[in-house]
file query-v5.pdb (PDB, C-alpha atoms)
ATOM      1  CA  TYR A 114     -64.433  86.198  38.745
ATOM      2  CA  TYR A 115     -64.717  83.263  41.161
ATOM      3  CA  VAL A 116     -62.256  80.819  42.734
ATOM      4  CA  LEU A 117     -63.594  77.447  43.884
ATOM      5  CA  ASP A 118     -61.895  74.937  46.156
ATOM      6  CA  ALA A 119     -61.797  71.160  45.695
ATOM      7  CA  ARG A 120     -65.262  70.860  47.286
ATOM      8  CA  ALA A 121     -66.733  73.282  44.721
ATOM      9  CA  CYS A 122     -67.168  75.992  47.341
ATOM     10  CA  ILE A 123     -66.519  79.619  46.385
ATOM     11  CA  VAL A 124     -63.500  80.907  48.319
ATOM     12  CA  HIS A 125     -62.851  84.162  46.446
ATOM     13  CA  LYS A 126     -64.748  86.501  44.108
ATOM     14  CA  LEU A 127     -64.067  89.789  42.371
ATOM     15  CA  ASP A 128     -66.164  92.021  40.133
ATOM     16  CA  ILE A 129     -64.210  93.049  37.031
ATOM     17  CA  PRO A 130     -65.635  95.895  34.915
ATOM     18  CA  LEU A 131     -65.231  95.849  31.119
ATOM     19  CA  PRO A 132     -65.704  98.731  28.659
ATOM     20  CA  ARG A 133     -68.354  96.754  26.722
ATOM     21  CA  PRO A 134     -69.847  93.245  26.682
ATOM     22  CA  VAL A 135     -67.816  90.715  24.695
ATOM     23  CA  MET A 136     -67.829  87.001  23.873
ATOM     24  CA  MET A 137     -65.348  86.002  26.600
ATOM     25  CA  HIS A 138     -65.325  82.243  26.125
ATOM     26  CA  ASP A 139     -62.147  81.040  27.854
ATOM     27  CA  CYS A 140     -59.352  82.110  30.173
ATOM     28  CA  ALA A 141     -55.938  80.757  31.165
ATOM     29  CA  ILE A 142     -54.147  80.085  34.443
ATOM     30  CA  THR A 143     -50.482  79.875  35.396
ATOM     31  CA  ARG A 144     -48.844  79.115  38.728
ATOM     32  CA  ASN A 145     -49.667  82.563  40.119
ATOM     33  CA  TYR A 146     -51.869  84.305  37.586
ATOM     34  CA  VAL A 147     -55.139  84.136  35.702
ATOM     35  CA  VAL A 148     -55.255  85.583  32.174
ATOM     36  CA  PHE A 149     -58.554  86.987  30.921
ATOM     37  CA  ILE A 150     -59.213  87.166  27.186
ATOM     38  CA  GLU A 151     -61.273  90.114  25.961
ATOM     39  CA  PRO A 152     -61.739  89.504  22.213
ATOM     40  CA  SER A 153     -62.951  91.660  19.341
ATOM     41  CA  LEU A 154     -66.285  89.802  19.137
ATOM     42  CA  VAL A 155     -68.651  92.199  20.915
ATOM     43  CA  PHE A 156     -72.270  92.016  22.044
ATOM     44  CA  ASP A 157     -74.647  93.940  19.776
ATOM     45  CA  PRO A 158     -78.361  93.122  20.303
ATOM     46  CA  LYS A 159     -79.326  95.202  17.248
ATOM     47  CA  ALA A 160     -77.546  92.646  15.065
ATOM     48  CA  MET A 161     -80.441  90.228  15.547
ATOM     49  CA  LEU A 162     -82.717  92.662  13.716
ATOM     50  CA  ARG A 163     -80.644  92.331  10.551
ATOM     51  CA  GLY A 164     -81.644  88.727   9.856
ATOM     52  CA  SER A 165     -83.064  85.563  11.411
ATOM     53  CA  ASP A 166     -79.701  83.802  11.247
ATOM     54  CA  GLN A 167     -77.764  86.567  13.021
ATOM     55  CA  LEU A 168     -76.800  86.141  16.665
ATOM     56  CA  PRO A 169     -76.244  89.233  18.859
ATOM     57  CA  PHE A 170     -72.442  89.280  18.462
ATOM     58  CA  VAL A 171     -70.480  91.115  15.787
ATOM     59  CA  PHE A 172     -66.782  91.307  14.995
ATOM     60  CA  ASP A 173     -65.416  94.805  15.597
ATOM     61  CA  HIS A 174     -62.409  95.357  13.328
ATOM     62  CA  HIS A 175     -61.458  98.460  15.305
ATOM     63  CA  LYS A 176     -61.466  96.869  18.775
ATOM     64  CA  PRO A 177     -58.092  95.422  19.829
ATOM     65  CA  MET A 178     -57.925  92.040  21.501
ATOM     66  CA  ARG A 179     -57.012  92.553  25.181
ATOM     67  CA  PHE A 180     -55.340  90.207  27.665
ATOM     68  CA  GLY A 181     -55.894  90.953  31.348
ATOM     69  CA  VAL A 182     -53.325  89.435  33.715
ATOM     70  CA  MET A 183     -54.173  89.228  37.410
ATOM     71  CA  ARG A 184     -52.938  87.370  40.465
ATOM     72  CA  LYS A 185     -55.369  84.574  41.292
ATOM     73  CA  PHE A 186     -56.471  86.040  44.631
ATOM     74  CA  GLU A 187     -56.296  89.710  43.663
ATOM     75  CA  SER A 188     -58.773  91.869  45.602
ATOM     76  CA  ASP A 189     -58.680  95.007  43.442
ATOM     77  CA  ALA A 190     -59.564  94.930  39.722
ATOM     78  CA  ALA A 191     -57.545  98.121  39.258
ATOM     79  CA  ASN A 192     -54.385  96.007  39.614
ATOM     80  CA  ILE A 193     -55.127  93.945  36.490
ATOM     81  CA  VAL A 194     -52.487  94.491  33.806
ATOM     82  CA  TRP A 195     -54.217  94.897  30.434
ATOM     83  CA  VAL A 196     -52.230  94.521  27.200
ATOM     84  CA  GLU A 197     -53.526  95.005  23.660
ATOM     85  CA  ALA A 198     -53.055  92.846  20.565
ATOM     86  CA  SER A 199     -54.358  92.959  17.012
ATOM     87  CA  PRO A 200     -58.150  92.587  16.608
ATOM     88  CA  HIS A 201     -59.099  88.897  16.522
ATOM     89  CA  MET A 202     -61.033  86.152  18.306
ATOM     90  CA  ILE A 203     -59.950  83.393  20.688
ATOM     91  CA  PHE A 204     -62.380  80.731  21.803
ATOM     92  CA  HIS A 205     -60.028  78.177  23.354
ATOM     93  CA  VAL A 206     -56.663  78.224  25.129
ATOM     94  CA  LEU A 207     -54.168  75.378  24.819
ATOM     95  CA  ASN A 208     -52.091  76.348  27.876
ATOM     96  CA  ALA A 209     -50.224  79.183  29.593
ATOM     97  CA  TRP A 210     -47.266  79.435  31.944
ATOM     98  CA  GLU A 211     -44.795  81.815  33.518
ATOM     99  CA  ASP A 212     -41.360  81.803  31.936
ATOM    100  CA  ASP A 213     -39.066  79.127  33.344
ATOM    101  CA  ASP A 214     -36.266  81.598  33.962
ATOM    102  CA  GLY A 215     -38.101  82.784  37.056
ATOM    103  CA  ASP A 216     -39.145  86.105  35.537
ATOM    104  CA  ALA A 217     -42.772  86.398  36.647
ATOM    105  CA  ASN A 218     -43.113  89.476  34.432
ATOM    106  CA  ARG A 219     -43.341  87.294  31.321
ATOM    107  CA  ILE A 220     -46.121  84.867  30.481
ATOM    108  CA  THR A 221     -46.444  82.531  27.503
ATOM    109  CA  LEU A 222     -49.971  81.761  26.341
ATOM    110  CA  VAL A 223     -50.789  79.386  23.469
ATOM    111  CA  ALA A 224     -54.258  79.529  21.953
ATOM    112  CA  CYS A 225     -56.257  79.134  18.759
ATOM    113  CA  LYS A 226     -56.439  82.481  16.985
ATOM    114  CA  ILE A 227     -59.165  83.381  14.499
ATOM    115  CA  PRO A 228     -58.199  86.627  12.723
ATOM    116  CA  GLU A 229     -61.842  87.401  11.925
ATOM    117  CA  PHE A 230     -64.961  85.638  13.195
ATOM    118  CA  HIS A 231     -68.654  86.097  12.391
ATOM    119  CA  LEU A 232     -71.154  84.449  14.722
ATOM    120  CA  SER A 233     -73.862  83.886  12.119
ATOM    121  CA  LEU A 234     -75.775  80.625  11.800
ATOM    122  CA  ALA A 235     -75.496  80.651   7.990
ATOM    123  CA  HIS A 236     -72.063  82.225   7.527
ATOM    124  CA  TYR A 237     -70.028  79.010   7.833
ATOM    125  CA  ASP A 238     -71.814  76.645   5.464
ATOM    126  CA  GLY A 239     -68.858  76.408   3.080
ATOM    127  CA  PRO A 240     -65.062  76.690   2.986
ATOM    128  CA  LEU A 241     -63.555  79.458   5.066
ATOM    129  CA  PRO A 242     -61.600  82.448   3.769
ATOM    130  CA  ASP A 243     -58.019  82.524   5.070
ATOM    131  CA  ARG A 244     -58.791  85.354   7.505
ATOM    132  CA  GLU A 245     -61.463  83.228   9.143
ATOM    133  CA  ARG A 246     -59.462  80.018   9.587
ATOM    134  CA  GLY A 247     -58.336  79.131  13.088
ATOM    135  CA  VAL A 248     -54.543  78.839  13.561
ATOM    136  CA  LEU A 249     -52.416  78.034  16.604
ATOM    137  CA  CYS A 250     -50.642  81.077  17.994
ATOM    138  CA  ARG A 251     -48.092  81.711  20.768
ATOM    139  CA  TYR A 252     -48.470  84.963  22.708
ATOM    140  CA  SER A 253     -45.589  86.350  24.785
ATOM    141  CA  ILE A 254     -46.944  88.777  27.367
ATOM    142  CA  ASP A 255     -44.472  91.232  28.897
ATOM    143  CA  LEU A 256     -46.121  92.552  32.057
ATOM    144  CA  ALA A 257     -43.444  95.145  32.784
ATOM    145  CA  ALA A 258     -43.599  96.696  29.306
ATOM    146  CA  ARG A 259     -47.375  96.050  29.027
ATOM    147  CA  ARG A 260     -47.132  94.601  25.532
ATOM    148  CA  VAL A 261     -47.689  91.284  23.796
ATOM    149  CA  SER A 262     -46.111  89.686  20.733
ATOM    150  CA  GLU A 263     -47.746  87.051  18.519
ATOM    151  CA  GLU A 264     -46.217  84.093  16.684
ATOM    152  CA  VAL A 265     -48.202  81.632  14.549
ATOM    153  CA  ILE A 266     -47.119  78.072  15.365
ATOM    154  CA  LEU A 267     -49.447  76.061  13.127
ATOM    155  CA  ASP A 268     -51.171  77.252   9.952
ATOM    156  CA  ASP A 269     -51.890  74.285   7.699
ATOM    157  CA  LYS A 270     -54.223  75.149   4.814
ATOM    158  CA  PRO A 271     -56.998  74.220   4.296
ATOM    159  CA  HIS A 272     -57.337  72.903   7.840
ATOM    160  CA  VAL A 273     -59.029  74.856  10.592
ATOM    161  CA  VAL A 274     -57.699  74.027  14.070
ATOM    162  CA  ASP A 275     -59.395  74.462  17.430
ATOM    163  CA  PHE A 276     -60.378  72.606  20.617
ATOM    164  CA  PRO A 277     -56.768  72.334  21.855
ATOM    165  CA  VAL A 278     -55.850  70.049  24.774
ATOM    166  CA  VAL A 279     -52.822  69.193  26.920
ATOM    167  CA  PRO A 280     -52.497  66.699  29.787
ATOM    168  CA  GLN A 281     -54.682  68.030  32.602
ATOM    169  CA  HIS A 282     -51.928  67.767  35.218
ATOM    170  CA  LEU A 283     -49.791  70.164  33.134
ATOM    171  CA  VAL A 284     -52.337  72.981  32.844
ATOM    172  CA  GLY A 285     -50.611  76.196  33.927
ATOM    173  CA  ARG A 286     -47.146  74.670  33.480
ATOM    174  CA  SER A 287     -44.760  74.651  30.555
ATOM    175  CA  THR A 288     -45.717  71.928  28.068
ATOM    176  CA  ARG A 289     -44.054  70.576  24.954
ATOM    177  CA  TYR A 290     -46.968  68.992  23.109
ATOM    178  CA  GLY A 291     -50.473  70.110  22.254
ATOM    179  CA  TYR A 292     -53.312  68.341  20.429
ATOM    180  CA  LEU A 293     -55.868  70.106  18.233
ATOM    181  CA  CYS A 294     -58.957  69.043  16.313
ATOM    182  CA  THR A 295     -58.948  69.820  12.596
ATOM    183  CA  PHE A 296     -61.868  70.901  10.456
ATOM    184  CA  GLN A 297     -61.899  71.245   6.678
ATOM    185  CA  THR A 298     -65.187  73.138   6.527
ATOM    186  CA  GLY A 299     -66.757  75.843   8.618
ATOM    187  CA  THR A 300     -68.522  73.510  11.017
ATOM    188  CA  LEU A 301     -66.924  73.270  14.451
ATOM    189  CA  VAL A 302     -68.673  70.107  15.605
ATOM    190  CA  SER A 303     -67.348  67.614  13.043
ATOM    191  CA  SER A 304     -63.625  67.059  13.401
ATOM    192  CA  ARG A 305     -61.899  65.088  10.650
ATOM    193  CA  GLY A 306     -58.599  64.534  12.450
ATOM    194  CA  VAL A 307     -56.155  65.605  15.159
ATOM    195  CA  PHE A 308     -52.884  67.541  14.950
ATOM    196  CA  LYS A 309     -50.039  66.931  17.400
ATOM    197  CA  VAL A 310     -47.848  70.015  17.717
ATOM    198  CA  ASP A 311     -44.387  70.231  19.297
ATOM    199  CA  LEU A 312     -44.293  73.709  20.838
ATOM    200  CA  THR A 313     -40.483  73.651  20.904
ATOM    201  CA  GLY A 314     -40.393  73.279  17.115
ATOM    202  CA  THR A 315     -38.101  70.254  17.340
ATOM    203  CA  GLU A 316     -40.596  67.915  15.671
ATOM    204  CA  ALA A 317     -42.810  68.747  12.700
ATOM    205  CA  PRO A 318     -46.593  68.756  13.318
ATOM    206  CA  ARG A 319     -48.198  65.353  12.841
ATOM    207  CA  LEU A 320     -51.732  64.850  11.543
ATOM    208  CA  LEU A 321     -53.870  61.865  12.449
ATOM    209  CA  GLU A 322     -56.674  61.744   9.895
ATOM    210  CA  PHE A 323     -59.830  59.802  10.680
ATOM    211  CA  ALA A 324     -61.159  57.188   8.263
ATOM    212  CA  PRO A 325     -63.318  58.540   5.388
ATOM    213  CA  GLY A 326     -66.852  59.248   6.541
ATOM    214  CA  CYS A 327     -65.875  59.386  10.230
ATOM    215  CA  VAL A 328     -66.268  62.570  12.277
ATOM    216  CA  ALA A 329     -65.638  63.259  15.953
ATOM    217  CA  GLY A 330     -65.879  65.890  18.634
ATOM    218  CA  GLU A 331     -63.070  67.089  20.883
ATOM    219  CA  CYS A 332     -60.298  64.663  21.881
ATOM    220  CA  PHE A 333     -59.169  64.346  25.482
ATOM    221  CA  PHE A 334     -55.658  63.352  26.576
ATOM    222  CA  VAL A 335     -55.576  60.461  29.048
ATOM    223  CA  PRO A 336     -52.112  59.819  30.546
ATOM    224  CA  ALA A 337     -50.699  56.304  30.650
ATOM    225  CA  GLU A 338     -50.936  54.419  33.919
ATOM    226  CA  ALA A 339     -48.510  55.411  36.679
ATOM    227  CA  GLY A 340     -45.201  53.673  36.127
ATOM    228  CA  GLU A 341     -45.752  53.454  32.377
ATOM    229  CA  ALA A 342     -45.554  57.158  31.560
ATOM    230  CA  ARG A 343     -41.988  58.352  30.979
ATOM    231  CA  ASP A 344     -42.557  61.196  28.542
ATOM    232  CA  GLU A 345     -45.133  63.951  28.410
ATOM    233  CA  ASP A 346     -46.852  62.347  25.410
ATOM    234  CA  ASP A 347     -47.114  58.857  26.928
ATOM    235  CA  GLY A 348     -50.864  58.479  26.877
ATOM    236  CA  TYR A 349     -53.967  58.265  24.736
ATOM    237  CA  LEU A 350     -56.353  60.509  22.823
ATOM    238  CA  VAL A 351     -59.961  59.553  23.524
ATOM    239  CA  THR A 352     -62.919  60.729  21.457
ATOM    240  CA  LEU A 353     -66.447  59.801  20.422
ATOM    241  CA  MET A 354     -66.568  59.016  16.687
ATOM    242  CA  PHE A 355     -69.576  58.868  14.369
ATOM    243  CA  ASP A 356     -69.403  56.787  11.192
ATOM    244  CA  GLU A 357     -71.625  58.572   8.656
ATOM    245  CA  THR A 358     -71.797  55.509   6.401
ATOM    246  CA  ALA A 359     -72.670  52.928   9.057
ATOM    247  CA  GLN A 360     -74.722  55.468  11.036
ATOM    248  CA  SER A 361     -73.117  54.282  14.275
ATOM    249  CA  SER A 362     -71.035  55.744  17.113
ATOM    250  CA  ALA A 363     -68.033  54.348  18.946
ATOM    251  CA  LEU A 364     -65.452  55.377  21.531
ATOM    252  CA  TYR A 365     -62.016  55.556  19.885
ATOM    253  CA  VAL A 366     -58.670  55.433  21.671
ATOM    254  CA  PHE A 367     -55.529  56.559  19.797
ATOM    255  CA  ASP A 368     -51.864  56.407  20.826
ATOM    256  CA  ALA A 369     -50.845  60.025  21.559
ATOM    257  CA  LYS A 370     -47.137  59.277  21.187
ATOM    258  CA  THR A 371     -47.192  57.605  17.763
ATOM    259  CA  MET A 372     -50.350  59.291  16.388
ATOM    260  CA  ALA A 373     -51.035  56.095  14.441
ATOM    261  CA  ALA A 374     -54.274  56.191  12.447
ATOM    262  CA  GLU A 375     -55.183  52.696  13.633
ATOM    263  CA  PRO A 376     -56.847  53.053  17.055
ATOM    264  CA  VAL A 377     -55.537  51.218  20.101
ATOM    265  CA  ALA A 378     -59.132  50.399  20.975
ATOM    266  CA  ARG A 379     -62.620  50.888  19.547
ATOM    267  CA  VAL A 380     -65.706  50.452  21.728
ATOM    268  CA  PRO A 381     -69.007  50.343  19.772
ATOM    269  CA  LEU A 382     -71.882  52.210  21.415
ATOM    270  CA  PRO A 383     -75.510  51.002  21.303
ATOM    271  CA  TYR A 384     -76.827  54.421  20.263
ATOM    272  CA  ARG A 385     -75.691  57.304  18.099
ATOM    273  CA  VAL A 386     -73.957  60.057  20.098
ATOM    274  CA  PRO A 387     -74.160  63.410  18.278
ATOM    275  CA  THR A 388     -70.789  65.112  17.846
ATOM    276  CA  GLY A 389     -70.409  67.920  20.361
ATOM    277  CA  PHE A 390     -67.907  70.438  21.600
ATOM    278  CA  HIS A 391     -66.001  69.411  24.740
ATOM    279  CA  THR A 392     -65.059  66.161  26.446
ATOM    280  CA  LEU A 393     -63.771  65.059  29.834
ATOM    281  CA  TRP A 394     -62.205  61.822  31.058
ATOM    282  CA  VAL A 395     -62.517  61.064  34.772
ATOM    283  CA  PRO A 396     -60.625  58.013  36.130
ATOM    284  CA  ARG A 397     -62.715  55.583  38.156
ATOM    285  CA  ALA A 398     -60.663  56.207  41.314
ATOM    286  CA  GLU A 399     -61.165  59.968  41.054
ATOM    287  CA  LEU A 400     -64.890  59.590  40.434
ATOM    288  CA  THR A 401     -65.241  57.235  43.406
ATOM    289  CA  ALA A 402     -63.308  59.635  45.643
ATOM    290  CA  GLN A 403     -65.906  62.313  44.960
ATOM    291  CA  GLY A 404     -68.433  60.321  46.983
ATOM    292  CA  PRO A 405     -71.929  58.995  46.218
ATOM    293  CA  GLN A 406     -73.880  60.503  43.347
ATOM    294  CA  GLU A 407     -76.243  62.255  45.760
ATOM    295  CA  GLN A 408     -73.275  63.968  47.435
ATOM    296  CA  ARG A 409     -71.886  65.143  44.070
ATOM    297  CA  HIS A 410     -75.271  66.626  43.177
ATOM    298  CA  ALA A 411     -75.363  68.444  46.509
ATOM    299  CA  LEU A 412     -71.927  69.957  45.876
ATOM    300  CA  ALA A 413     -72.919  70.982  42.373
ATOM    301  CA  SER A 414     -76.034  72.738  43.686
ATOM    302  CA  LYS A 415     -73.804  75.052  45.789
ATOM    303  CA  MET A 416     -72.293  76.450  42.601
TER
END

call {"tool": "encode", "arguments": {"input": "query-v5.pdb", "output": "structure tokens"}}
result
Amino acid sequence: YYVLDARACIVHKLDIPLPRPVMMHDCAITRNYVVFIEPSLVFDPKAMLRGSDQLPFVFDHHKPMRFGVMRKFESDAANIVWVEASPHMIFHVLNAWEDDDGDANRITLVACKIPEFHLSLAHYDGPLPDRERGVLCRYSIDLAARRVSEEVILDDKPHVVDFPVVPQHLVGRSTRYGYLCTFQTGTLVSSRGVFKVDLTGTEAPRLLEFAPGCVAGECFFVPAEAGEARDEDDGYLVTLMFDETAQSSALYVFDAKTMAAEPVARVPLPYRVPTGFHTLWVPRAELTAQGPQEQRHALASKM
């Protein structure tokens, strides 16, 4: 476990032992804590001997999912509070926060839950069984009682949801809205649309479906310019889209508030950009503030 400062320098580290190697893909942060996710997808090198398409990770139906909650600058791994949940897999976290009532013993974490996951190259060629579809789930972690409860927020058959995002400036703080890519087949690199979910339950989920033949990677939330943003969802969803019919790529910008299918802007690209996993939007001012390219490379080399 490492903590880096704004200059990408390591300011804190801690070795954290685990009972066995797992596919720990993401974690969450709140104002004071970091939450580790120890899933039921475990490392098993012998699995590769069972077939050429098998990667060395298997789903262990008997291993509970574990959440490890720790203060960000904790110096002793023995002080991590571990809580167990039902066996499942989490790749990506939407957000997490400490309860607004000031009770630091309770943490809310929202993430994409996959009840059962098989990391095989050939396993996900077709439609997914219900147990293998990703759904959006809210976890309430009680640190004092050392237990966690689960509540499914979004389960919209036949859609698979993953790659959740919130405005970057609200990571670790209570948020109302979340945005998730949707997939109608097993592939996780060809999104067919985006869900907008109201975590308070006041508004029904809204689905923005891409035009037929268009697929995209992860969307990224870009807030409206300062002075224009009044609500949390005042902003845009930006993604790289590939048109399978025209065999061309473009940058698409959608209105995050209205979720209208017609994009606010479409910027054609001179080359095809293969759909991928994650995206990032960096404002020009922020990129310039990081200094010359040579300086950024020097900082990155320290990592």

call {"tool": "resolve_selection", "arguments": {"input": "query-v5.pdb", "expression": "the PyMOL selection byres ((chain A and resi 116) around 10)", "output": "compact mmCIF listing (two decimals) with C-alpha atoms, in the frame of the given file"}}
result
# COMPACT_ATOMS: atom_id res chain seq x y z
CA TYR A 114 -64.43 86.20 38.74
CA TYR A 115 -64.72 83.26 41.16
CA LEU A 117 -63.59 77.45 43.88
CA ASP A 118 -61.90 74.94 46.16
CA ALA A 121 -66.73 73.28 44.72
CA CYS A 122 -67.17 75.99 47.34
CA ILE A 123 -66.52 79.62 46.38
CA VAL A 124 -63.50 80.91 48.32
CA HIS A 125 -62.85 84.16 46.45
CA LYS A 126 -64.75 86.50 44.11
CA LEU A 127 -64.07 89.79 42.37
CA LYS A 185 -55.37 84.57 41.29
CA PHE A 186 -56.47 86.04 44.63

call {"tool": "atom_distance", "arguments": {"input": "query-v5.pdb", "atom1": "atom CA of A:Ser361", "atom2": "atom CA of A:Ser304"}}
result
15.9 Å

call {"tool": "resolve_selection", "arguments": {"input": "query-v5.pdb", "expression": "the PyMOL selection byres ((chain A and resi 313) around 10)", "output": "number ranges by chain"}}
result
A: 266, 288-290, 310-312, 314-317

call {"tool": "atom_distance", "arguments": {"input": "query-v5.pdb", "atom1": "atom CA of A:Ala373", "atom2": "atom CA of A:Gly285"}}
result
28.0 Å

call {"tool": "closest_residue", "arguments": {"input": "query-v5.pdb", "among": "A:Tyr384, A:Phe172, A:Phe390, A:Trp210", "to": "A:Val147", "atoms": "only C-alpha atoms"}}
result
A:Trp210

call {"tool": "atom_distance", "arguments": {"input": "query-v5.pdb", "atom1": "atom CA of A:Leu256", "atom2": "atom CA of A:Val274"}}
result
28.3 Å

call {"tool": "resolve_selection", "arguments": {"input": "query-v5.pdb", "expression": "the PyMOL selection byres ((chain A and resi 335) around 10)", "output": "number ranges by chain"}}
result
A: 279-281, 332-334, 336-338, 346-351, 366, 368-369, 393-396

call {"tool": "closest_residue", "arguments": {"input": "query-v5.pdb", "among": "A:Tyr252, A:Phe276, A:Tyr292, A:Tyr365", "to": "A:Ala209", "atoms": "all atoms listed in the file"}}
result
A:Tyr252

call {"tool": "closest_residue", "arguments": {"input": "query-v5.pdb", "among": "A:Val307, A:Leu400, A:Asn192, A:Phe204", "to": "A:Met137", "atoms": "only C-alpha atoms"}}
result
A:Phe204

call {"tool": "closest_residue", "arguments": {"input": "query-v5.pdb", "among": "A:Phe296, A:Phe355, A:Phe367, A:Phe149", "to": "A:Ala190", "atoms": "only C-alpha atoms"}}
result
A:Phe149

call {"tool": "closest_residue", "arguments": {"input": "query-v5.pdb", "among": "A:His391, A:Lys226, A:Arg319, A:Lys370", "to": "A:Arg246", "atoms": "all atoms listed in the file"}}
result
A:Lys226

call {"tool": "closest_residue", "arguments": {"input": "query-v5.pdb", "among": "A:Glu263, A:Ala378, A:Trp195, A:Arg120", "to": "A:Ala363", "atoms": "only C-alpha atoms"}}
result
A:Ala378

call {"tool": "build_atoms", "arguments": {"input": "query-v5.pdb", "residues": "stretch 130-136 of chain A", "atoms": "all heavy atoms", "output": "PDB file, in the frame of the given file"}}
result
ATOM      1  N   PRO A 130     -64.911  95.124  35.936  1.00  0.00           N
ATOM      2  CA  PRO A 130     -65.635  95.895  34.915  1.00  0.00           C
ATOM      3  C   PRO A 130     -64.937  95.823  33.559  1.00  0.00           C
ATOM      4  O   PRO A 130     -63.714  95.759  33.473  1.00  0.00           O
ATOM      5  CB  PRO A 130     -65.604  97.321  35.481  1.00  0.00           C
ATOM      6  CG  PRO A 130     -64.361  97.363  36.319  1.00  0.00           C
ATOM      7  CD  PRO A 130     -64.200  95.987  36.894  1.00  0.00           C
ATOM      8  N   LEU A 131     -65.746  95.816  32.482  1.00  0.00           N
ATOM      9  CA  LEU A 131     -65.231  95.849  31.119  1.00  0.00           C
ATOM     10  C   LEU A 131     -65.865  97.027  30.388  1.00  0.00           C
ATOM     11  O   LEU A 131     -66.995  97.418  30.695  1.00  0.00           O
ATOM     12  CB  LEU A 131     -65.558  94.549  30.371  1.00  0.00           C
ATOM     13  CG  LEU A 131     -64.898  93.265  30.882  1.00  0.00           C
ATOM     14  CD1 LEU A 131     -65.404  92.072  30.076  1.00  0.00           C
ATOM     15  CD2 LEU A 131     -63.386  93.357  30.804  1.00  0.00           C
ATOM     16  N   PRO A 132     -65.160  97.582  29.390  1.00  0.00           N
ATOM     17  CA  PRO A 132     -65.704  98.731  28.659  1.00  0.00           C
ATOM     18  C   PRO A 132     -67.009  98.417  27.937  1.00  0.00           C
ATOM     19  O   PRO A 132     -67.878  99.262  27.821  1.00  0.00           O
ATOM     20  CB  PRO A 132     -64.592  99.078  27.656  1.00  0.00           C
ATOM     21  CG  PRO A 132     -63.365  98.422  28.169  1.00  0.00           C
ATOM     22  CD  PRO A 132     -63.802  97.237  28.951  1.00  0.00           C
ATOM     23  N   ARG A 133     -67.139  97.164  27.432  1.00  0.00           N
ATOM     24  CA  ARG A 133     -68.354  96.754  26.722  1.00  0.00           C
ATOM     25  C   ARG A 133     -68.464  95.240  26.773  1.00  0.00           C
ATOM     26  O   ARG A 133     -67.463  94.535  26.955  1.00  0.00           O
ATOM     27  CB  ARG A 133     -68.323  97.245  25.267  1.00  0.00           C
ATOM     28  CG  ARG A 133     -67.171  96.698  24.457  1.00  0.00           C
ATOM     29  CD  ARG A 133     -66.972  97.431  23.144  1.00  0.00           C
ATOM     30  NE  ARG A 133     -68.100  97.289  22.245  1.00  0.00           N
ATOM     31  CZ  ARG A 133     -68.078  97.641  20.961  1.00  0.00           C
ATOM     32  NH1 ARG A 133     -66.977  98.159  20.434  1.00  0.00           N
ATOM     33  NH2 ARG A 133     -69.127  97.491  20.190  1.00  0.00           N
ATOM     34  N   PRO A 134     -69.677  94.704  26.633  1.00  0.00           N
ATOM     35  CA  PRO A 134     -69.847  93.245  26.682  1.00  0.00           C
ATOM     36  C   PRO A 134     -69.168  92.570  25.489  1.00  0.00           C
ATOM     37  O   PRO A 134     -69.254  93.061  24.363  1.00  0.00           O
ATOM     38  CB  PRO A 134     -71.369  93.069  26.612  1.00  0.00           C
ATOM     39  CG  PRO A 134     -71.943  94.391  26.968  1.00  0.00           C
ATOM     40  CD  PRO A 134     -70.952  95.414  26.509  1.00  0.00           C
ATOM     41  N   VAL A 135     -68.507  91.462  25.746  1.00  0.00           N
ATOM     42  CA  VAL A 135     -67.816  90.715  24.695  1.00  0.00           C
ATOM     43  C   VAL A 135     -68.084  89.223  24.848  1.00  0.00           C
ATOM     44  O   VAL A 135     -68.574  88.770  25.884  1.00  0.00           O
ATOM     45  CB  VAL A 135     -66.282  90.960  24.732  1.00  0.00           C
ATOM     46  CG1 VAL A 135     -65.958  92.416  24.474  1.00  0.00           C
ATOM     47  CG2 VAL A 135     -65.698  90.504  26.073  1.00  0.00           C
ATOM     48  N   MET A 136     -67.739  88.457  23.820  1.00  0.00           N
ATOM     49  CA  MET A 136     -67.829  87.001  23.873  1.00  0.00           C
ATOM     50  C   MET A 136     -66.554  86.459  24.525  1.00  0.00           C
ATOM     51  O   MET A 136     -65.618  86.032  23.867  1.00  0.00           O
ATOM     52  CB  MET A 136     -68.008  86.426  22.465  1.00  0.00           C
ATOM     53  CG  MET A 136     -67.908  84.903  22.382  1.00  0.00           C
ATOM     54  SD  MET A 136     -69.156  84.017  23.306  1.00  0.00           S
ATOM     55  CE  MET A 136     -70.496  83.985  22.115  1.00  0.00           C
TER      56      MET A 136
END
